[in-house]
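Text of entry_25.pdb, listed as PDB, C-alpha atoms:
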```
ATOM      1  CA  MET A 218     -49.104  -9.252 -29.725
ATOM      2  CA  GLU A 219     -51.215  -9.633 -32.842
ATOM      3  CA  ARG A 220     -54.926  -8.902 -32.452
ATOM      4  CA  PRO A 221     -57.785  -9.695 -32.199
ATOM      5  CA  TYR A 222     -57.929 -12.529 -29.673
ATOM      6  CA  ALA A 223     -60.052 -13.442 -26.668
ATOM      7  CA  VAL A 224     -58.719 -11.707 -23.559
ATOM      8  CA  GLY A 225     -58.893 -12.501 -19.861
ATOM      9  CA  HIS A 226     -56.520 -15.000 -18.287
ATOM     10  CA  GLU A 227     -57.015 -14.327 -14.567
ATOM     11  CA  PHE A 228     -60.394 -15.029 -13.005
ATOM     12  CA  THR A 229     -62.463 -16.244 -10.120
ATOM     13  CA  ALA A 230     -65.762 -17.946 -10.859
ATOM     14  CA  GLU A 231     -68.819 -19.722  -9.542
ATOM     15  CA  VAL A 232     -69.360 -23.258 -10.798
ATOM     16  CA  VAL A 233     -72.664 -23.476 -12.673
ATOM     17  CA  GLU A 234     -72.392 -26.946 -14.216
ATOM     18  CA  VAL A 235     -70.048 -29.950 -13.969
ATOM     19  CA  GLY A 236     -69.338 -32.789 -16.366
ATOM     20  CA  ASP A 237     -69.976 -36.439 -15.575
ATOM     21  CA  ALA A 238     -66.283 -37.112 -14.847
ATOM     22  CA  VAL A 239     -65.904 -34.298 -12.286
ATOM     23  CA  ARG A 240     -65.672 -35.557  -8.705
ATOM     24  CA  THR A 241     -64.524 -32.630  -6.511
ATOM     25  CA  LEU A 242     -66.822 -29.790  -7.568
ATOM     26  CA  LYS A 243     -70.507 -28.952  -7.509
ATOM     27  CA  PRO A 244     -72.611 -26.027  -8.723
ATOM     28  CA  GLY A 245     -72.244 -23.052  -6.396
ATOM     29  CA  ASP A 246     -68.584 -23.678  -5.523
ATOM     30  CA  ARG A 247     -66.371 -20.589  -5.780
ATOM     31  CA  VAL A 248     -63.092 -21.280  -7.518
ATOM     32  CA  THR A 249     -59.977 -19.793  -9.012
ATOM     33  CA  VAL A 250     -58.630 -21.264 -12.238
ATOM     34  CA  PRO A 251     -54.903 -21.077 -13.113
ATOM     35  CA  PHE A 252     -54.308 -19.391 -16.444
ATOM     36  CA  GLN A 253     -52.164 -22.324 -17.612
ATOM     37  CA  ILE A 254     -54.066 -25.406 -18.790
ATOM     38  CA  SER A 255     -52.946 -28.579 -16.997
ATOM     39  CA  CYS A 256     -54.353 -32.075 -16.636
ATOM     40  CA  GLY A 257     -53.130 -32.927 -13.123
ATOM     41  CA  THR A 258     -52.149 -36.477 -14.086
ATOM     42  CA  CYS A 259     -49.196 -36.373 -16.518
ATOM     43  CA  SER A 260     -45.562 -36.759 -15.432
ATOM     44  CA  HIS A 261     -44.965 -33.001 -15.439
ATOM     45  CA  CYS A 262     -48.063 -32.305 -13.352
ATOM     46  CA  HIS A 263     -47.015 -35.005 -10.875
ATOM     47  CA  SER A 264     -43.555 -33.432 -10.542
ATOM     48  CA  ALA A 265     -44.834 -29.893  -9.815
ATOM     49  CA  ARG A 266     -44.286 -28.649 -13.371
ATOM     50  CA  SER A 267     -47.901 -28.118 -14.342
ATOM     51  CA  LEU A 268     -46.905 -24.962 -16.245
ATOM     52  CA  ASP A 269     -45.662 -27.354 -18.946
ATOM     53  CA  CYS A 270     -48.370 -30.031 -18.909
ATOM     54  CA  THR A 271     -47.683 -32.720 -21.503
ATOM     55  CA  SER A 272     -51.379 -33.431 -22.173
ATOM     56  CA  VAL A 273     -51.915 -30.141 -24.022
ATOM     57  CA  GLU A 274     -50.042 -28.016 -26.518
ATOM     58  CA  PRO A 275     -47.114 -26.109 -24.902
ATOM     59  CA  LEU A 276     -48.073 -22.664 -23.558
ATOM     60  CA  SER A 277     -51.781 -23.509 -23.520
ATOM     61  CA  THR A 278     -53.456 -20.707 -21.588
ATOM     62  CA  TYR A 279     -56.624 -18.697 -21.248
ATOM     63  CA  GLY A 280     -56.689 -15.287 -22.890
ATOM     64  CA  LEU A 281     -53.196 -15.189 -24.413
ATOM     65  CA  GLU A 282     -53.593 -16.971 -27.722
ATOM     66  CA  PRO A 283     -50.763 -15.152 -29.597
ATOM     67  CA  PHE A 284     -48.313 -16.116 -26.824
ATOM     68  CA  GLY A 285     -48.750 -19.774 -27.757
ATOM     69  CA  GLY A 286     -50.890 -22.774 -26.967
ATOM     70  CA  GLY A 287     -53.586 -22.443 -29.602
ATOM     71  CA  ALA A 288     -56.936 -20.717 -29.863
ATOM     72  CA  ILE A 289     -59.223 -23.352 -28.361
ATOM     73  CA  TRP A 290     -59.186 -22.125 -24.755
ATOM     74  CA  GLY A 291     -60.772 -18.685 -25.214
ATOM     75  CA  GLY A 292     -60.694 -15.865 -22.674
ATOM     76  CA  ALA A 293     -62.140 -15.250 -19.235
ATOM     77  CA  ILE A 294     -63.907 -11.950 -19.936
ATOM     78  CA  ALA A 295     -67.087 -13.867 -20.630
ATOM     79  CA  ASP A 296     -70.277 -14.958 -18.913
ATOM     80  CA  LEU A 297     -69.283 -18.634 -19.038
ATOM     81  CA  VAL A 298     -65.851 -20.272 -19.251
ATOM     82  CA  LYS A 299     -65.270 -23.941 -20.014
ATOM     83  CA  VAL A 300     -62.655 -25.491 -17.704
ATOM     84  CA  PRO A 301     -61.023 -28.739 -18.844
ATOM     85  CA  PHE A 302     -59.543 -31.200 -16.323
ATOM     86  CA  ALA A 303     -61.748 -29.456 -13.781
ATOM     87  CA  ASP A 304     -60.778 -31.572 -10.754
ATOM     88  CA  ALA A 305     -57.215 -30.335 -11.215
ATOM     89  CA  MET A 306     -57.843 -26.907 -12.703
ATOM     90  CA  ALA A 307     -60.750 -25.396 -10.735
ATOM     91  CA  MET A 308     -59.482 -24.858  -7.187
ATOM     92  CA  LYS A 309     -61.902 -24.024  -4.384
ATOM     93  CA  LEU A 310     -61.227 -20.657  -2.765
ATOM     94  CA  PRO A 311     -60.675 -20.179   0.973
ATOM     95  CA  GLU A 312     -63.828 -19.084   2.802
ATOM     96  CA  GLY A 313     -64.558 -15.364   2.997
ATOM     97  CA  ILE A 314     -62.081 -14.240   0.361
ATOM     98  CA  ASP A 315     -63.060 -11.245  -1.776
ATOM     99  CA  LEU A 316     -63.714 -12.498  -5.322
ATOM    100  CA  VAL A 317     -62.402  -9.357  -7.026
ATOM    101  CA  ALA A 318     -59.167  -9.271  -5.045
ATOM    102  CA  ALA A 319     -58.703 -13.005  -5.559
ATOM    103  CA  ALA A 320     -58.927 -12.843  -9.369
ATOM    104  CA  ALA A 321     -55.169 -12.407  -9.657
ATOM    105  CA  LEU A 322     -54.577 -15.758  -7.946
ATOM    106  CA  SER A 323     -54.740 -17.170 -11.472
ATOM    107  CA  ASP A 324     -51.343 -15.627 -12.321
ATOM    108  CA  ASN A 325     -49.960 -12.427 -10.797
ATOM    109  CA  ILE A 326     -50.361 -13.369  -7.132
ATOM    110  CA  ALA A 327     -48.618 -16.668  -7.784
ATOM    111  CA  ASP A 328     -45.943 -14.767  -9.721
ATOM    112  CA  GLY A 329     -45.254 -12.587  -6.686
ATOM    113  CA  TYR A 330     -45.220 -15.645  -4.422
ATOM    114  CA  ARG A 331     -42.632 -17.564  -6.451
ATOM    115  CA  CYS A 332     -40.274 -14.585  -6.343
ATOM    116  CA  ILE A 333     -40.014 -14.639  -2.545
ATOM    117  CA  ALA A 334     -41.588 -17.501  -0.618
ATOM    118  CA  PRO A 335     -39.740 -20.590  -1.921
ATOM    119  CA  HIS A 336     -36.323 -18.983  -1.385
ATOM    120  CA  ALA A 337     -36.463 -16.867   1.782
ATOM    121  CA  LEU A 338     -34.134 -17.887   4.618
ATOM    122  CA  PRO A 339     -33.850 -16.414   8.138
ATOM    123  CA  GLY A 340     -31.940 -13.139   8.006
ATOM    124  CA  ASP A 341     -32.555 -12.527   4.302
ATOM    125  CA  GLU A 342     -33.529  -9.143   2.943
ATOM    126  CA  ALA A 343     -35.294  -8.567  -0.370
ATOM    127  CA  LEU A 344     -35.208  -5.924  -3.066
ATOM    128  CA  VAL A 345     -38.208  -5.601  -5.391
ATOM    129  CA  ILE A 346     -38.115  -3.453  -8.518
ATOM    130  CA  GLY A 347     -41.770  -2.943  -9.264
ATOM    131  CA  SER A 348     -44.201  -2.414 -12.106
ATOM    132  CA  ALA A 349     -47.925  -3.136 -12.194
ATOM    133  CA  SER A 350     -49.075  -5.639  -9.559
ATOM    134  CA  VAL A 351     -46.532  -8.490  -9.490
ATOM    135  CA  GLY A 352     -43.960  -6.435  -7.600
ATOM    136  CA  LEU A 353     -46.529  -5.458  -4.975
ATOM    137  CA  TYR A 354     -47.555  -9.082  -4.501
ATOM    138  CA  ALA A 355     -43.873  -9.922  -3.996
ATOM    139  CA  VAL A 356     -43.717  -7.227  -1.307
ATOM    140  CA  ALA A 357     -46.859  -8.644   0.310
ATOM    141  CA  PHE A 358     -45.340 -12.122   0.506
ATOM    142  CA  ALA A 359     -42.121 -10.698   1.918
ATOM    143  CA  SER A 360     -44.252  -9.065   4.611
ATOM    144  CA  ALA A 361     -46.149 -12.320   5.203
ATOM    145  CA  LEU A 362     -42.858 -14.121   5.800
ATOM    146  CA  ALA A 363     -41.258 -11.290   7.848
ATOM    147  CA  VAL A 364     -38.586 -10.652   5.203
ATOM    148  CA  PRO A 365     -37.400  -7.005   5.293
ATOM    149  CA  CYS A 366     -38.026  -5.521   1.869
ATOM    150  CA  THR A 367     -36.993  -2.484  -0.185
ATOM    151  CA  TYR A 368     -39.293  -1.485  -3.049
ATOM    152  CA  ILE A 369     -38.227   0.662  -6.028
ATOM    153  CA  ASP A 370     -40.680   2.306  -8.421
ATOM    154  CA  THR A 371     -41.645   5.667  -9.895
ATOM    155  CA  ASN A 372     -45.406   5.230  -9.531
ATOM    156  CA  ALA A 373     -46.687   7.114  -6.488
ATOM    157  CA  ALA A 374     -49.749   4.890  -5.956
ATOM    158  CA  ARG A 375     -47.692   1.686  -5.971
ATOM    159  CA  LEU A 376     -45.045   3.206  -3.723
ATOM    160  CA  LYS A 377     -47.748   4.091  -1.197
ATOM    161  CA  ILE A 378     -49.157   0.548  -1.211
ATOM    162  CA  ALA A 379     -45.659  -0.937  -0.814
ATOM    163  CA  GLU A 380     -45.040   1.349   2.161
ATOM    164  CA  GLN A 381     -48.357   0.303   3.717
ATOM    165  CA  LEU A 382     -47.248  -3.316   3.305
ATOM    166  CA  GLY A 383     -44.153  -2.541   5.365
ATOM    167  CA  ALA A 384     -41.513  -2.014   2.692
ATOM    168  CA  LYS A 385     -38.867   0.682   2.610
ATOM    169  CA  THR A 386     -39.580   2.587  -0.605
ATOM    170  CA  VAL A 387     -37.263   4.381  -3.035
ATOM    171  CA  ALA A 388     -38.814   6.587  -5.714
ATOM    172  CA  THR A 389     -36.417   6.334  -8.624
ATOM    173  CA  THR A 390     -35.903   4.762 -12.034
ATOM    174  CA  PRO A 391     -33.673   1.664 -11.950
ATOM    175  CA  ASP A 392     -31.002   2.237 -14.570
ATOM    176  CA  GLY A 393     -28.627  -0.665 -14.054
ATOM    177  CA  ARG A 394     -26.948   0.563 -10.881
ATOM    178  CA  SER A 395     -26.772  -1.414  -7.647
ATOM    179  CA  PHE A 396     -29.021  -0.481  -4.722
ATOM    180  CA  GLY A 397     -27.044  -2.455  -2.134
ATOM    181  CA  GLU A 398     -26.678  -6.142  -1.382
ATOM    182  CA  PHE A 399     -29.756  -8.324  -0.983
ATOM    183  CA  ALA A 400     -30.102 -12.093  -0.704
ATOM    184  CA  LEU A 401     -33.301 -11.962  -2.771
ATOM    185  CA  THR A 402     -33.874  -9.577  -5.652
ATOM    186  CA  VAL A 403     -36.886  -9.309  -7.925
ATOM    187  CA  SER A 404     -37.115  -7.521 -11.261
ATOM    188  CA  ALA A 405     -40.873  -7.238 -11.760
ATOM    189  CA  ASN A 406     -40.596  -4.799 -14.649
ATOM    190  CA  SER A 407     -39.549  -5.301 -18.257
ATOM    191  CA  THR A 408     -36.757  -2.769 -18.748
ATOM    192  CA  PRO A 409     -33.088  -3.695 -19.240
ATOM    193  CA  GLY A 410     -32.120  -1.197 -16.527
ATOM    194  CA  GLY A 411     -34.493  -2.762 -14.018
ATOM    195  CA  LEU A 412     -33.197  -6.238 -14.691
ATOM    196  CA  GLN A 413     -29.560  -5.187 -14.505
ATOM    197  CA  SER A 414     -30.156  -3.264 -11.260
ATOM    198  CA  ALA A 415     -31.727  -6.360  -9.701
ATOM    199  CA  ILE A 416     -28.796  -8.541 -10.766
ATOM    200  CA  ARG A 417     -26.172  -6.059  -9.519
ATOM    201  CA  SER A 418     -28.014  -5.721  -6.199
ATOM    202  CA  THR A 419     -27.898  -9.474  -5.545
ATOM    203  CA  THR A 420     -25.336 -10.462  -2.942
ATOM    204  CA  GLY A 421     -22.875 -13.274  -3.533
ATOM    205  CA  GLY A 422     -24.753 -16.574  -3.547
ATOM    206  CA  GLY A 423     -28.076 -14.747  -3.695
ATOM    207  CA  ILE A 424     -31.047 -15.315  -5.968
ATOM    208  CA  CYS A 425     -32.361 -12.933  -8.632
ATOM    209  CA  GLN A 426     -35.860 -13.530  -9.982
ATOM    210  CA  ALA A 427     -36.913 -11.943 -13.281
ATOM    211  CA  ALA A 428     -40.713 -11.755 -13.317
ATOM    212  CA  GLY A 429     -40.940  -9.262 -16.187
ATOM    213  CA  ILE A 430     -41.367 -10.284 -19.822
ATOM    214  CA  HIS A 431     -38.529  -9.063 -22.031
ATOM    215  CA  PHE A 432     -39.803  -9.229 -25.597
ATOM    216  CA  ARG A 433     -36.642  -7.653 -26.991
ATOM    217  CA  GLY A 434     -34.136  -9.295 -24.699
ATOM    218  CA  ALA A 435     -31.739  -7.713 -22.229
ATOM    219  CA  GLU A 436     -27.985  -7.899 -21.859
ATOM    220  CA  LEU A 437     -26.972  -9.875 -18.781
ATOM    221  CA  PRO A 438     -23.660  -9.255 -16.932
ATOM    222  CA  LEU A 439     -22.946 -12.991 -17.028
ATOM    223  CA  LEU A 440     -19.270 -12.843 -16.025
ATOM    224  CA  GLU A 441     -20.115 -10.653 -13.040
ATOM    225  CA  MET A 442     -22.927 -13.030 -12.071
ATOM    226  CA  TYR A 443     -20.635 -16.053 -12.423
ATOM    227  CA  LYS A 444     -17.926 -14.564 -10.219
ATOM    228  CA  ARG A 445     -20.399 -13.712  -7.442
ATOM    229  CA  GLY A 446     -22.377 -16.937  -7.737
ATOM    230  CA  VAL A 447     -25.666 -15.190  -8.453
ATOM    231  CA  ARG A 448     -28.476 -17.634  -9.201
ATOM    232  CA  PHE A 449     -30.806 -16.280 -11.856
ATOM    233  CA  THR A 450     -34.334 -17.470 -12.622
ATOM    234  CA  THR A 451     -36.841 -16.360 -15.201
ATOM    235  CA  GLY A 452     -40.022 -17.878 -16.605
ATOM    236  CA  ARG A 453     -43.748 -18.033 -16.007
ATOM    237  CA  ALA A 454     -45.346 -18.590 -12.622
ATOM    238  CA  ASN A 455     -46.107 -22.221 -11.753
ATOM    239  CA  VAL A 456     -49.611 -21.351 -10.621
ATOM    240  CA  ARG A 457     -51.349 -24.697 -10.048
ATOM    241  CA  ASP A 458     -48.498 -26.040  -7.939
ATOM    242  CA  ASP A 459     -48.015 -22.922  -5.789
ATOM    243  CA  LEU A 460     -51.673 -22.139  -5.023
ATOM    244  CA  PRO A 461     -52.070 -24.597  -2.090
ATOM    245  CA  ALA A 462     -49.272 -22.846  -0.159
ATOM    246  CA  ILE A 463     -50.756 -19.444  -1.026
ATOM    247  CA  PHE A 464     -54.160 -20.608   0.225
ATOM    248  CA  ASP A 465     -52.517 -21.579   3.538
ATOM    249  CA  LEU A 466     -51.077 -18.069   3.950
ATOM    250  CA  ILE A 467     -54.521 -16.594   3.201
ATOM    251  CA  ARG A 468     -56.217 -18.836   5.783
ATOM    252  CA  GLN A 469     -53.602 -17.833   8.358
ATOM    253  CA  GLY A 470     -54.286 -14.164   7.669
ATOM    254  CA  ARG A 471     -50.669 -13.548   6.678
ATOM    255  CA  PHE A 472     -51.435 -12.721   3.051
ATOM    256  CA  ARG A 473     -54.477 -10.614   2.149
ATOM    257  CA  PRO A 474     -55.037 -10.124  -1.598
ATOM    258  CA  LYS A 475     -57.314  -7.174  -0.897
ATOM    259  CA  ASP A 476     -54.340  -5.187   0.471
ATOM    260  CA  ILE A 477     -53.161  -4.597  -3.092
ATOM    261  CA  GLY A 478     -56.526  -3.255  -4.232
ATOM    262  CA  ALA A 479     -58.341  -3.439  -7.560
ATOM    263  CA  SER A 480     -60.162  -1.086  -9.878
ATOM    264  CA  VAL A 481     -63.623  -2.328 -10.802
ATOM    265  CA  PHE A 482     -65.595  -1.359 -13.901
ATOM    266  CA  LYS A 483     -68.901  -2.295 -15.496
ATOM    267  CA  ILE A 484     -68.429  -5.037 -18.070
ATOM    268  CA  ASP A 485     -69.794  -2.692 -20.764
ATOM    269  CA  ASP A 486     -66.862  -0.361 -20.048
ATOM    270  CA  ALA A 487     -64.251  -3.120 -20.290
ATOM    271  CA  PRO A 488     -62.926  -2.138 -23.756
ATOM    272  CA  GLU A 489     -62.147   1.412 -22.669
ATOM    273  CA  ALA A 490     -60.815   0.280 -19.300
ATOM    274  CA  LEU A 491     -58.435  -2.213 -20.919
ATOM    275  CA  LYS A 492     -57.151   0.481 -23.266
ATOM    276  CA  GLY A 493     -56.540   2.784 -20.317
ATOM    277  CA  GLY A 494     -59.226   5.169 -21.508
ATOM    278  CA  LEU A 495     -61.078   5.300 -18.187
ATOM    279  CA  SER A 496     -59.729   7.124 -15.174
ATOM    280  CA  TYR A 497     -59.247   5.123 -11.986
ATOM    281  CA  LYS A 498     -61.252   7.908 -10.349
ATOM    282  CA  SER A 499     -64.306   6.523 -12.124
ATOM    283  CA  VAL A 500     -64.107   3.151 -10.364
ATOM    284  CA  ILE A 501     -67.548   1.595  -9.988
ATOM    285  CA  GLN A 502     -68.965  -1.701  -8.881
ATOM    286  CA  MET A 503     -69.331  -4.268 -11.664
ATOM    287  CA  LEU A 504     -72.944  -5.455 -12.070
TER
END
```

Transcribe the structure of this file into structure tokens.
Amino acid sequence: MERPYAVGHEFTAEVVEVGDAVRTLKPGDRVTVPFQISCGTCSHCHSARSLDCTSVEPLSTYGLEPFGGGAIWGGAIADLVKVPFADAMAMKLPEGIDLVAAAALSDNIADGYRCIAPHALPGDEALVIGSASVGLYAVAFASALAVPCTYIDTNAARLKIAEQLGAKTVATTPDGRSFGEFALTVSANSTPGGLQSAIRSTTGGGICQAAGIHFRGAELPLLEMYKRGVRFTTGRANVRDDLPAIFDLIRQGRFRPKDIGASVFKIDDAPEALKGGLSYKSVIQML
């Protein structure tokens, strides 16, 4: 995407000041804030479609200005962040949760949740084709819901975490081939081969979730999908509407964000860390 722009769209925070209209928050509260801006009162927000709130410009988000939604929201890598519609947007965190691990609640954790939790039925098995953290969060929610899961990736660190979460792991590059038949499949990467492998691994009547962003498009085997009755979903996570259910799983101890892990850097080192210029071996505590 074109640069420069303010970065940071996933964050946890401590409330330091509230406006006169805010009724549910007070200074000192610890919150997570969905990356999508939503008012909580429009028709879309009332029908669990807060990802497309009608009170703001479409695609209004923190930290992703070139993606759409305008420049007025800024980014979360900052000392202070202004949160509009705070009673709806700033959601109090469950007690005892690690603030660093919980930062991804704003997007990627909810992205992993929507790939598995709303669709899992007794007896289902899941296939997750991973990349970065969304695939691992999908594995974690499969584990939380006792859904047997197979995880495919080439990254040794992610494969190890997936195995620790209880998944069967396969170290290979998805290239469009089928890996079996699964009621739930997740393509959490952004390669055509990964997406096609997920689709071809979906059993008849199953559900394939595409959580990756395909900037250049990908050819879909539509006739094959039609014949087998594969249901296909893509799109952004619906964070504000899914967080209450995620909070319940955290309180029950069934989902633990800290299981995925996080690399922590001093804020002064953020530019190099974001560019990938710092080794994960140099992880330090942010001050």

- Message: Need the shell around stretch 344-356 of chain A: protein/DNA/RNA residues with any atom at most 6 Å away, counting all atoms listed in the file. Skip same-chain ones fewer than 5 positions apart. Format as a PyMOL selection string?
- Response: chain A and resi 325-326+329-330+366-370+402-406

Q: Report the residues retrieved by the PyMOL selection byres ((chain A and resi 250) around 10) from the displayed file, expressed as an NGL selection string.
A: :A and (226-230 or 248-249 or 251-254 or 279 or 293 or 300 or 303 or 305-310 or 320-324 or 456-457)

Legend entry - Between atom CA of A:Val447 and atom CA of A:Ile424 - distance in Å to one decimal: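 A separation of 5.9 Å between them.
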
Evaluating the PyMOL selection byres ((chain A and resi 410) around 9) on the displayed file yields which residues, as an mmCIF file with C-alpha atoms, in the frame of the given file?
```
data_model
loop_
_atom_site.group_PDB
_atom_site.id
_atom_site.type_symbol
_atom_site.label_atom_id
_atom_site.label_comp_id
_atom_site.auth_asym_id
_atom_site.auth_seq_id
_atom_site.Cartn_x
_atom_site.Cartn_y
_atom_site.Cartn_z
ATOM 1 C CA THR A 390 -35.903 4.762 -12.034
ATOM 2 C CA PRO A 391 -33.673 1.664 -11.950
ATOM 3 C CA ASP A 392 -31.002 2.237 -14.570
ATOM 4 C CA GLY A 393 -28.627 -0.665 -14.054
ATOM 5 C CA ARG A 394 -26.948 0.563 -10.881
ATOM 6 C CA SER A 407 -39.549 -5.301 -18.257
ATOM 7 C CA THR A 408 -36.757 -2.769 -18.748
ATOM 8 C CA PRO A 409 -33.088 -3.695 -19.240
ATOM 9 C CA GLY A 411 -34.493 -2.762 -14.018
ATOM 10 C CA LEU A 412 -33.197 -6.238 -14.691
ATOM 11 C CA GLN A 413 -29.560 -5.187 -14.505
ATOM 12 C CA SER A 414 -30.156 -3.264 -11.260
ATOM 13 C CA ALA A 415 -31.727 -6.360 -9.701
ATOM 14 C CA ALA A 435 -31.739 -7.713 -22.229
#
```

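The smallest atom-to-atom distance between A:Phe399 and any of A:Asn372, A:Thr420, A:Asn455, A:Thr386, using only C-alpha atoms, is found for A:Thr420.
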
(request) Apply the PyMOL selection byres ((chain A and resi 342) around 7) to the structure shown and report the selected residues as a list in words. (result)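 Given this file, the PyMOL selection byres ((chain A and resi 342) around 7) evaluates to Gly340, Asp341, Ala343, Val364, Pro365, Cys366, Phe399, Ala400 and Leu401 of chain A.
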
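One distance worth recording is that between atom CA of A:Ala373 and atom CA of A:Gln426, which is 23.6 Å.
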
As AutoDock Vina command-line options, please: the centre and edge lengths in Å, to one decimal, of an axis-aligned box enclosing every listed atom of stretch 228-231 of chain A with 6 Å added on each side.
```
--center_x -64.6 --center_y -17.4 --center_z -11.3 --size_x 20.4 --size_y 16.7 --size_z 15.5
```

Exercise. Of the candidates A:Ser395, A:Ala427, A:Pro488, A:Glu219, which shows the shortest atom-to-atom distance to A:Gly285, using only C-alpha atoms?
Worked result: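 Of all the options, A:Glu219 lies closest to A:Gly285.
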
note - atom CA of A:Asp237 and atom CA of A:His261 are separated by 25.2 Å

### Message
For a quick check of understanding, using all atoms listed in the file, which of A:Leu268, A:Ala238, A:Ala295, A:Cys425 has the smallest distance to A:Ala487?
### Response
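Checking each of A:Leu268, A:Ala238, A:Ala295, A:Cys425 against A:Ala487, counting all atoms listed in the file, the winner is A:Ala295.
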